[in-house]
file upload37.pdb (PDB, C-alpha atoms)
ATOM      1  CA  MET A   1     -14.313  35.366 168.278
ATOM      2  CA  ALA A   2     -15.272  34.562 171.869
ATOM      3  CA  SER A   3     -12.966  35.143 174.820
ATOM      4  CA  LEU A   4     -10.800  32.281 176.008
ATOM      5  CA  ASN A   5     -12.590  30.212 178.652
ATOM      6  CA  VAL A   6      -9.567  28.502 180.156
ATOM      7  CA  GLY A   7     -11.182  27.212 183.376
ATOM      8  CA  ASN A   8     -13.898  25.247 181.613
ATOM      9  CA  LEU A   9     -11.388  24.023 179.058
ATOM     10  CA  GLY A  10      -9.137  22.605 181.788
ATOM     11  CA  GLU A  11     -12.038  20.848 183.477
ATOM     12  CA  TYR A  12     -13.205  19.475 180.144
ATOM     13  CA  LEU A  13      -9.714  18.238 179.241
ATOM     14  CA  ARG A  14      -9.337  16.531 182.626
ATOM     15  CA  GLU A  15     -12.725  14.841 182.163
ATOM     16  CA  GLN A  16     -11.798  13.666 178.645
ATOM     17  CA  ARG A  17      -8.424  12.394 179.856
ATOM     18  CA  ARG A  18     -10.041  10.422 182.662
ATOM     19  CA  THR A  19     -12.696   9.037 180.326
ATOM     20  CA  ALA A  20      -9.895   7.870 178.009
ATOM     21  CA  GLN A  21      -8.241   6.317 181.100
ATOM     22  CA  LEU A  22      -5.001   8.212 180.530
ATOM     23  CA  SER A  23      -2.724   9.604 183.178
ATOM     24  CA  LEU A  24      -1.561  13.206 182.906
ATOM     25  CA  ARG A  25       1.873  11.949 181.864
ATOM     26  CA  GLN A  26       0.447   9.570 179.215
ATOM     27  CA  LEU A  27      -1.629  12.338 177.621
ATOM     28  CA  ALA A  28       1.270  14.782 177.744
ATOM     29  CA  ASP A  29       3.529  12.238 175.987
ATOM     30  CA  ALA A  30       0.876  11.373 173.375
ATOM     31  CA  ALA A  31       0.225  15.055 172.646
ATOM     32  CA  GLY A  32       3.890  16.047 172.626
ATOM     33  CA  VAL A  33       3.611  18.582 175.449
ATOM     34  CA  SER A  34       5.320  18.675 178.827
ATOM     35  CA  ASN A  35       3.684  17.179 181.871
ATOM     36  CA  PRO A  36       3.788  20.481 183.864
ATOM     37  CA  TYR A  37       2.354  22.433 180.917
ATOM     38  CA  LEU A  38      -0.604  20.033 180.580
ATOM     39  CA  SER A  39      -1.172  20.229 184.330
ATOM     40  CA  GLN A  40      -1.291  24.041 184.113
ATOM     41  CA  ILE A  41      -3.806  23.850 181.261
ATOM     42  CA  GLU A  42      -6.036  21.498 183.250
ATOM     43  CA  ARG A  43      -5.891  23.824 186.265
ATOM     44  CA  GLY A  44      -6.810  26.824 184.137
ATOM     45  CA  LEU A  45      -3.440  28.559 184.538
ATOM     46  CA  ARG A  46      -2.354  28.418 180.877
ATOM     47  CA  LYS A  47      -3.999  29.327 177.590
ATOM     48  CA  PRO A  48      -3.039  26.720 175.000
ATOM     49  CA  SER A  49      -2.712  27.647 171.341
ATOM     50  CA  ALA A  50      -4.936  26.152 168.664
ATOM     51  CA  ASP A  51      -2.016  23.912 167.652
ATOM     52  CA  ILE A  52      -1.658  22.515 171.177
ATOM     53  CA  LEU A  53      -5.422  21.983 171.364
ATOM     54  CA  GLN A  54      -5.241  20.092 168.094
ATOM     55  CA  GLN A  55      -2.446  17.865 169.439
ATOM     56  CA  LEU A  56      -4.430  17.187 172.613
ATOM     57  CA  ALA A  57      -7.574  16.404 170.612
ATOM     58  CA  LYS A  58      -5.661  13.941 168.457
ATOM     59  CA  ALA A  59      -4.209  12.227 171.527
ATOM     60  CA  LEU A  60      -7.668  12.059 173.140
ATOM     61  CA  ARG A  61      -9.266  10.937 169.863
ATOM     62  CA  ILE A  62     -11.821  13.734 169.891
ATOM     63  CA  SER A  63     -12.418  16.515 167.387
ATOM     64  CA  ALA A  64     -10.201  19.563 167.674
ATOM     65  CA  GLU A  65     -13.281  21.697 167.020
ATOM     66  CA  THR A  66     -14.781  20.424 170.291
ATOM     67  CA  LEU A  67     -11.756  21.737 172.181
ATOM     68  CA  TYR A  68     -11.865  25.015 170.230
ATOM     69  CA  VAL A  69     -15.472  25.504 171.358
ATOM     70  CA  GLN A  70     -14.513  24.712 174.964
ATOM     71  CA  ALA A  71     -11.648  27.217 174.750
ATOM     72  CA  GLY A  72     -13.939  29.882 173.301
ATOM     73  CA  ILE A  73     -11.954  30.012 170.058
ATOM     74  CA  LEU A  74     -14.788  28.649 167.954
ATOM     75  CA  ASP A  75     -18.533  29.179 168.101
ATOM     76  CA  GLU A  76     -20.748  26.082 168.473
ATOM     77  CA  ARG A  77     -22.447  26.708 165.098
ATOM     78  CA  GLU A  78     -19.079  27.111 163.394
ATOM     79  CA  ARG A  79     -18.023  23.757 164.828
ATOM     80  CA  ASP A  80     -21.153  22.071 163.509
ATOM     81  CA  GLU A  81     -20.523  23.536 160.065
ATOM     82  CA  LEU A  82     -16.883  22.396 160.071
ATOM     83  CA  GLU A  83     -17.840  18.911 161.177
ATOM     84  CA  THR A  84     -20.496  18.665 158.470
ATOM     85  CA  ARG A  85     -17.980  19.708 155.833
ATOM     86  CA  ALA A  86     -15.409  17.235 157.192
ATOM     87  CA  VAL A  87     -17.888  14.352 157.016
ATOM     88  CA  ILE A  88     -18.753  15.194 153.408
ATOM     89  CA  LEU A  89     -15.088  15.440 152.418
ATOM     90  CA  ALA A  90     -14.207  12.185 154.188
ATOM     91  CA  ASP A  91     -16.921  10.105 152.518
ATOM     92  CA  PRO A  92     -15.152   7.555 150.278
ATOM     93  CA  SER A  93     -18.368   6.549 148.510
ATOM     94  CA  ILE A  94     -18.685   9.780 146.498
ATOM     95  CA  SER A  95     -16.346  11.346 143.966
ATOM     96  CA  GLU A  96     -14.397  14.572 144.516
ATOM     97  CA  ARG A  97     -16.690  16.359 142.053
ATOM     98  CA  GLN A  98     -19.768  15.109 143.930
ATOM     99  CA  LYS A  99     -18.268  16.293 147.216
ATOM    100  CA  GLN A 100     -17.712  19.779 145.802
ATOM    101  CA  VAL A 101     -21.246  19.954 144.421
ATOM    102  CA  LEU A 102     -22.667  18.758 147.744
ATOM    103  CA  LEU A 103     -20.666  21.411 149.620
ATOM    104  CA  GLN A 104     -21.942  24.095 147.236
ATOM    105  CA  ILE A 105     -25.521  23.004 147.853
ATOM    106  CA  TYR A 106     -24.878  22.988 151.617
ATOM    107  CA  GLU A 107     -23.440  26.526 151.460
ATOM    108  CA  SER A 108     -26.400  27.625 149.363
ATOM    109  CA  PHE A 109     -28.891  26.376 151.952
ATOM    110  CA  ARG A 110     -26.922  28.006 154.786
ATOM    111  CA  LYS A 111     -26.965  31.342 152.950
ATOM    112  CA  GLU A 112     -30.662  30.989 152.197
ATOM    113  CA  ASN A 113     -31.283  30.495 155.920
ATOM    114  CA  GLY A 114     -29.118  33.495 156.819
ATOM    115  CA  LEU A 115     -26.375  31.431 158.463
ATOM    116  CA  GLU A 116     -23.514  32.312 156.144
ATOM    117  CA  PRO A 117     -22.624  35.623 154.484
ATOM    118  CA  ASP A 118     -22.403  35.737 150.714
ATOM    119  CA  ALA A 119     -18.853  34.909 149.735
ATOM    120  CA  PRO A 120     -17.407  35.392 146.275
ATOM    121  CA  GLY A 121     -17.007  32.202 144.317
ATOM    122  CA  THR A 122     -19.548  30.184 146.289
ATOM    123  CA  ALA A 123     -22.956  29.056 145.200
ATOM    124  CA  GLY A 124     -25.634  31.212 146.742
ATOM    125  CA  THR A 125     -29.178  32.360 146.406
ATOM    126  CA  GLY A 126     -28.869  35.947 147.516
ATOM    127  CA  PRO A 127     -28.060  38.284 150.357
ATOM    128  CA  ALA A 128     -27.769  36.872 153.844
ATOM    129  CA  ASP A 129     -29.546  39.938 155.284
ATOM    130  CA  GLY A 130     -32.946  38.439 154.534
ATOM    131  CA  SER A 131     -33.756  40.804 151.669
ATOM    132  CA  GLU A 132     -35.104  39.458 148.447
ATOM    133  CA  ALA A 133     -32.496  38.502 145.907
ATOM    134  CA  PRO A 134     -32.871  40.358 142.621
ATOM    135  CA  GLN A 135     -34.779  38.189 140.199
ATOM    136  CA  PRO A 136     -33.628  37.774 136.607
ATOM    137  CA  LYS A 137     -35.548  39.962 134.185
ATOM    138  CA  ARG A 138     -38.138  38.100 132.212
ATOM    139  CA  ARG A 139     -38.962  39.077 128.698
ATOM    140  CA  GLU A 140     -42.521  40.338 128.687
ATOM    141  CA  ALA A 141     -45.022  39.648 125.963
ATOM    142  CA  PRO A 142     -45.531  42.592 123.561
ATOM    143  CA  GLU A 143     -49.057  43.160 124.946
ATOM    144  CA  ALA A 144     -47.667  43.544 128.467
ATOM    145  CA  ARG A 145     -45.297  46.242 127.245
ATOM    146  CA  GLY A 146     -48.218  48.173 125.753
ATOM    147  CA  GLU A 147     -47.486  47.118 122.217
ATOM    148  CA  VAL A 148     -50.317  45.962 120.049
ATOM    149  CA  ARG A 149     -49.562  42.979 117.977
ATOM    150  CA  GLU A 150     -51.518  42.665 114.782
ATOM    151  CA  GLU A 151     -52.952  39.268 114.215
ATOM    152  CA  HIS A 152     -53.155  38.054 110.663
ATOM    153  CA  ASP A 153     -56.221  36.027 109.852
ATOM    154  CA  PRO A 154     -55.150  33.221 107.485
ATOM    155  CA  HIS A 155     -58.632  33.243 105.874
ATOM    156  CA  GLU A 156     -58.472  36.918 105.108
ATOM    157  CA  GLN A 157     -57.410  37.865 101.641
ATOM    158  CA  ASN A 158     -55.326  40.886 100.893
TER     159      ASN A 158
END

call {"tool": "encode", "arguments": {"input": "upload37.pdb", "output": "structure tokens"}}
result
Amino acid sequence: MASLNVGNLGEYLREQRRTAQLSLRQLADAAGVSNPYLSQIERGLRKPSADILQQLAKALRISAETLYVQAGILDERERDELETRAVILADPSISERQKQVLLQIYESFRKENGLEPDAPGTAGTGPADGSEAPQPKRREAPEARGEVREEHDPHEQN
């Protein structure tokens, strides 16, 4: 987990608030935090919790993950993964079963590309360390095992 980057978070929040054309008081009311507390966050004097960041994100109508990245709580790649999963889960045009299958395929590709460690109970193709995954054993032909197989000629009489 990255260290908390409060200064950049405050500047980012102020920019988002101004873009949304909200006063400090309006955002504080919408997020359910005090006016002075929000002011301290914007000035980089306070470190808000993930819950407060989520409330602020909801009030600003932006993703909470974006604020988590700004605060240094979440890595950029983790945010992208969470957003991708959220979009899949929110799609009303596919069934719950289809969503789960799609998420399993997504996780499988991420593991294959070394972006996600193997986790129990998830679909995967092998180790995330780049090594080859053990291949299933194939049954070899008798000749390949050194066994000689006698052919019977149907025209031959015994």

call {"tool": "atom_distance", "arguments": {"input": "upload37.pdb", "atom1": "CA of Glu11 (chain A)", "atom2": "CA of Leu38 (chain A)"}}
result
11.8 Å

call {"tool": "resolve_selection", "arguments": {"input": "upload37.pdb", "expression": "the PyMOL selection byres ((chain A and resi 13) around 12)", "output": "number ranges by chain"}}
result
A: 6-12, 14-20, 22-24, 27-28, 38-44, 48, 53, 56-57, 59-62, 64, 66-68, 70-71

call {"tool": "resolve_selection", "arguments": {"input": "upload37.pdb", "expression": "the PyMOL selection byres ((chain A and resi 77-90) around 10)", "output": "VMD selection string"}}
result
chain A and resid 63 to 69 74 to 76 91 to 96 98 to 100 102 to 103 106 to 107 110 115 to 116

call {"tool": "atom_distance", "arguments": {"input": "upload37.pdb", "atom1": "CA of Lys58 (chain A)", "atom2": "CA of Ala31 (chain A)"}}
result
7.3 Å

call {"tool": "closest_residue", "arguments": {"input": "upload37.pdb", "among": "A:Tyr37, A:Asp51, A:Ile73, A:Leu45", "to": "Arg25 (chain A)", "atoms": "only C-alpha atoms"}}
result
A:Tyr37

call {"tool": "atom_distance", "arguments": {"input": "upload37.pdb", "atom1": "CA of Gln54 (chain A)", "atom2": "CA of Gln26 (chain A)"}}
result
16.3 Å

call {"tool": "decode", "arguments": {"input": "upload37.pdb", "residues": "region 101-115 of chain A", "atoms": "all heavy atoms", "output": "PDB file, in the first residue's frame"}}
result
ATOM      1  N   VAL A 101     -18.858 -15.923 -15.044  1.00  0.00           N
ATOM      2  CA  VAL A 101     -17.985 -16.565 -16.027  1.00  0.00           C
ATOM      3  C   VAL A 101     -17.053 -15.527 -16.645  1.00  0.00           C
ATOM      4  O   VAL A 101     -15.850 -15.760 -16.793  1.00  0.00           O
ATOM      5  CB  VAL A 101     -18.811 -17.293 -17.114  1.00  0.00           C
ATOM      6  CG1 VAL A 101     -17.938 -17.743 -18.271  1.00  0.00           C
ATOM      7  CG2 VAL A 101     -19.544 -18.484 -16.511  1.00  0.00           C
ATOM      8  N   LEU A 102     -17.591 -14.367 -16.987  1.00  0.00           N
ATOM      9  CA  LEU A 102     -16.783 -13.299 -17.570  1.00  0.00           C
ATOM     10  C   LEU A 102     -15.693 -12.843 -16.601  1.00  0.00           C
ATOM     11  O   LEU A 102     -14.545 -12.627 -16.991  1.00  0.00           O
ATOM     12  CB  LEU A 102     -17.687 -12.134 -17.964  1.00  0.00           C
ATOM     13  CG  LEU A 102     -17.084 -11.034 -18.832  1.00  0.00           C
ATOM     14  CD1 LEU A 102     -16.413 -11.588 -20.070  1.00  0.00           C
ATOM     15  CD2 LEU A 102     -18.170 -10.053 -19.226  1.00  0.00           C
ATOM     16  N   LEU A 103     -16.026 -12.723 -15.328  1.00  0.00           N
ATOM     17  CA  LEU A 103     -15.025 -12.345 -14.321  1.00  0.00           C
ATOM     18  C   LEU A 103     -13.947 -13.418 -14.186  1.00  0.00           C
ATOM     19  O   LEU A 103     -12.772 -13.093 -14.009  1.00  0.00           O
ATOM     20  CB  LEU A 103     -15.696 -12.082 -12.970  1.00  0.00           C
ATOM     21  CG  LEU A 103     -16.466 -10.769 -12.877  1.00  0.00           C
ATOM     22  CD1 LEU A 103     -17.225 -10.694 -11.549  1.00  0.00           C
ATOM     23  CD2 LEU A 103     -15.546  -9.572 -13.027  1.00  0.00           C
ATOM     24  N   GLN A 104     -14.327 -14.680 -14.270  1.00  0.00           N
ATOM     25  CA  GLN A 104     -13.341 -15.760 -14.200  1.00  0.00           C
ATOM     26  C   GLN A 104     -12.390 -15.712 -15.392  1.00  0.00           C
ATOM     27  O   GLN A 104     -11.184 -15.897 -15.236  1.00  0.00           O
ATOM     28  CB  GLN A 104     -14.033 -17.118 -14.126  1.00  0.00           C
ATOM     29  CG  GLN A 104     -14.688 -17.378 -12.791  1.00  0.00           C
ATOM     30  CD  GLN A 104     -15.485 -18.674 -12.778  1.00  0.00           C
ATOM     31  OE1 GLN A 104     -15.759 -19.275 -13.804  1.00  0.00           O
ATOM     32  NE2 GLN A 104     -15.869 -19.101 -11.589  1.00  0.00           N
ATOM     33  N   ILE A 105     -12.926 -15.429 -16.559  1.00  0.00           N
ATOM     34  CA  ILE A 105     -12.084 -15.315 -17.749  1.00  0.00           C
ATOM     35  C   ILE A 105     -11.143 -14.123 -17.598  1.00  0.00           C
ATOM     36  O   ILE A 105      -9.942 -14.217 -17.881  1.00  0.00           O
ATOM     37  CB  ILE A 105     -12.953 -15.179 -19.022  1.00  0.00           C
ATOM     38  CG1 ILE A 105     -13.707 -16.486 -19.276  1.00  0.00           C
ATOM     39  CG2 ILE A 105     -12.102 -14.792 -20.233  1.00  0.00           C
ATOM     40  CD1 ILE A 105     -14.802 -16.390 -20.321  1.00  0.00           C
ATOM     41  N   TYR A 106     -11.665 -13.008 -17.114  1.00  0.00           N
ATOM     42  CA  TYR A 106     -10.862 -11.802 -16.887  1.00  0.00           C
ATOM     43  C   TYR A 106      -9.711 -12.100 -15.917  1.00  0.00           C
ATOM     44  O   TYR A 106      -8.559 -11.766 -16.180  1.00  0.00           O
ATOM     45  CB  TYR A 106     -11.774 -10.692 -16.362  1.00  0.00           C
ATOM     46  CG  TYR A 106     -11.062  -9.415 -15.984  1.00  0.00           C
ATOM     47  CD1 TYR A 106     -10.436  -8.635 -16.935  1.00  0.00           C
ATOM     48  CD2 TYR A 106     -11.025  -8.991 -14.653  1.00  0.00           C
ATOM     49  CE1 TYR A 106      -9.802  -7.456 -16.593  1.00  0.00           C
ATOM     50  CE2 TYR A 106     -10.395  -7.813 -14.304  1.00  0.00           C
ATOM     51  CZ  TYR A 106      -9.776  -7.052 -15.275  1.00  0.00           C
ATOM     52  OH  TYR A 106      -9.137  -5.890 -14.923  1.00  0.00           O
ATOM     53  N   GLU A 107     -10.023 -12.764 -14.802  1.00  0.00           N
ATOM     54  CA  GLU A 107      -8.992 -13.124 -13.826  1.00  0.00           C
ATOM     55  C   GLU A 107      -7.958 -14.052 -14.450  1.00  0.00           C
ATOM     56  O   GLU A 107      -6.759 -13.925 -14.203  1.00  0.00           O
ATOM     57  CB  GLU A 107      -9.632 -13.791 -12.614  1.00  0.00           C
ATOM     58  CG  GLU A 107     -10.424 -12.839 -11.753  1.00  0.00           C
ATOM     59  CD  GLU A 107     -11.246 -13.553 -10.689  1.00  0.00           C
ATOM     60  OE1 GLU A 107     -11.081 -14.771 -10.493  1.00  0.00           O
ATOM     61  OE2 GLU A 107     -12.070 -12.874 -10.060  1.00  0.00           O
ATOM     62  N   SER A 108      -8.416 -14.969 -15.267  1.00  0.00           N
ATOM     63  CA  SER A 108      -7.526 -15.910 -15.938  1.00  0.00           C
ATOM     64  C   SER A 108      -6.526 -15.167 -16.829  1.00  0.00           C
ATOM     65  O   SER A 108      -5.332 -15.457 -16.804  1.00  0.00           O
ATOM     66  CB  SER A 108      -8.361 -16.893 -16.762  1.00  0.00           C
ATOM     67  OG  SER A 108      -7.559 -17.635 -17.624  1.00  0.00           O
ATOM     68  N   PHE A 109      -7.014 -14.214 -17.614  1.00  0.00           N
ATOM     69  CA  PHE A 109      -6.124 -13.450 -18.478  1.00  0.00           C
ATOM     70  C   PHE A 109      -5.146 -12.613 -17.664  1.00  0.00           C
ATOM     71  O   PHE A 109      -3.979 -12.487 -18.025  1.00  0.00           O
ATOM     72  CB  PHE A 109      -6.924 -12.548 -19.413  1.00  0.00           C
ATOM     73  CG  PHE A 109      -7.591 -13.279 -20.557  1.00  0.00           C
ATOM     74  CD1 PHE A 109      -8.810 -12.841 -21.047  1.00  0.00           C
ATOM     75  CD2 PHE A 109      -7.019 -14.392 -21.144  1.00  0.00           C
ATOM     76  CE1 PHE A 109      -9.425 -13.501 -22.098  1.00  0.00           C
ATOM     77  CE2 PHE A 109      -7.629 -15.062 -22.189  1.00  0.00           C
ATOM     78  CZ  PHE A 109      -8.835 -14.617 -22.670  1.00  0.00           C
ATOM     79  N   ARG A 110      -5.615 -12.022 -16.556  1.00  0.00           N
ATOM     80  CA  ARG A 110      -4.722 -11.229 -15.710  1.00  0.00           C
ATOM     81  C   ARG A 110      -3.610 -12.097 -15.127  1.00  0.00           C
ATOM     82  O   ARG A 110      -2.460 -11.692 -15.093  1.00  0.00           O
ATOM     83  CB  ARG A 110      -5.505 -10.540 -14.593  1.00  0.00           C
ATOM     84  CG  ARG A 110      -6.348  -9.367 -15.111  1.00  0.00           C
ATOM     85  CD  ARG A 110      -7.082  -8.660 -13.997  1.00  0.00           C
ATOM     86  NE  ARG A 110      -6.208  -8.206 -12.930  1.00  0.00           N
ATOM     87  CZ  ARG A 110      -5.455  -7.103 -12.967  1.00  0.00           C
ATOM     88  NH1 ARG A 110      -5.475  -6.340 -14.029  1.00  0.00           N
ATOM     89  NH2 ARG A 110      -4.700  -6.769 -11.946  1.00  0.00           N
ATOM     90  N   LYS A 111      -3.959 -13.299 -14.696  1.00  0.00           N
ATOM     91  CA  LYS A 111      -2.948 -14.218 -14.155  1.00  0.00           C
ATOM     92  C   LYS A 111      -1.964 -14.632 -15.236  1.00  0.00           C
ATOM     93  O   LYS A 111      -0.761 -14.687 -15.006  1.00  0.00           O
ATOM     94  CB  LYS A 111      -3.623 -15.448 -13.562  1.00  0.00           C
ATOM     95  CG  LYS A 111      -4.300 -15.174 -12.255  1.00  0.00           C
ATOM     96  CD  LYS A 111      -4.999 -16.413 -11.765  1.00  0.00           C
ATOM     97  CE  LYS A 111      -5.899 -16.061 -10.600  1.00  0.00           C
ATOM     98  NZ  LYS A 111      -6.860 -17.099 -10.326  1.00  0.00           N
ATOM     99  N   GLU A 112      -2.493 -14.915 -16.418  1.00  0.00           N
ATOM    100  CA  GLU A 112      -1.643 -15.323 -17.536  1.00  0.00           C
ATOM    101  C   GLU A 112      -0.626 -14.236 -17.867  1.00  0.00           C
ATOM    102  O   GLU A 112       0.502 -14.508 -18.232  1.00  0.00           O
ATOM    103  CB  GLU A 112      -2.518 -15.608 -18.758  1.00  0.00           C
ATOM    104  CG  GLU A 112      -1.757 -16.150 -19.945  1.00  0.00           C
ATOM    105  CD  GLU A 112      -2.689 -16.509 -21.073  1.00  0.00           C
ATOM    106  OE1 GLU A 112      -3.634 -17.292 -20.849  1.00  0.00           O
ATOM    107  OE2 GLU A 112      -2.494 -15.986 -22.177  1.00  0.00           O
ATOM    108  N   ASN A 113      -1.035 -12.978 -17.711  1.00  0.00           N
ATOM    109  CA  ASN A 113      -0.154 -11.851 -17.998  1.00  0.00           C
ATOM    110  C   ASN A 113       0.661 -11.414 -16.789  1.00  0.00           C
ATOM    111  O   ASN A 113       1.318 -10.381 -16.825  1.00  0.00           O
ATOM    112  CB  ASN A 113      -0.975 -10.679 -18.541  1.00  0.00           C
ATOM    113  CG  ASN A 113      -1.569 -10.995 -19.887  1.00  0.00           C
ATOM    114  OD1 ASN A 113      -1.009 -11.768 -20.663  1.00  0.00           O
ATOM    115  ND2 ASN A 113      -2.715 -10.423 -20.183  1.00  0.00           N
ATOM    116  N   GLY A 114       0.576 -12.177 -15.697  1.00  0.00           N
ATOM    117  CA  GLY A 114       1.378 -11.894 -14.513  1.00  0.00           C
ATOM    118  C   GLY A 114       0.900 -10.711 -13.698  1.00  0.00           C
ATOM    119  O   GLY A 114       1.666 -10.148 -12.927  1.00  0.00           O
ATOM    120  N   LEU A 115      -0.376 -10.337 -13.843  1.00  0.00           N
ATOM    121  CA  LEU A 115      -0.893  -9.170 -13.130  1.00  0.00           C
ATOM    122  C   LEU A 115      -1.626  -9.520 -11.852  1.00  0.00           C
ATOM    123  O   LEU A 115      -1.995  -8.643 -11.100  1.00  0.00           O
ATOM    124  CB  LEU A 115      -1.830  -8.367 -14.033  1.00  0.00           C
ATOM    125  CG  LEU A 115      -1.163  -7.770 -15.263  1.00  0.00           C
ATOM    126  CD1 LEU A 115      -2.195  -7.129 -16.165  1.00  0.00           C
ATOM    127  CD2 LEU A 115      -0.115  -6.762 -14.852  1.00  0.00           C
TER     128      LEU A 115
END
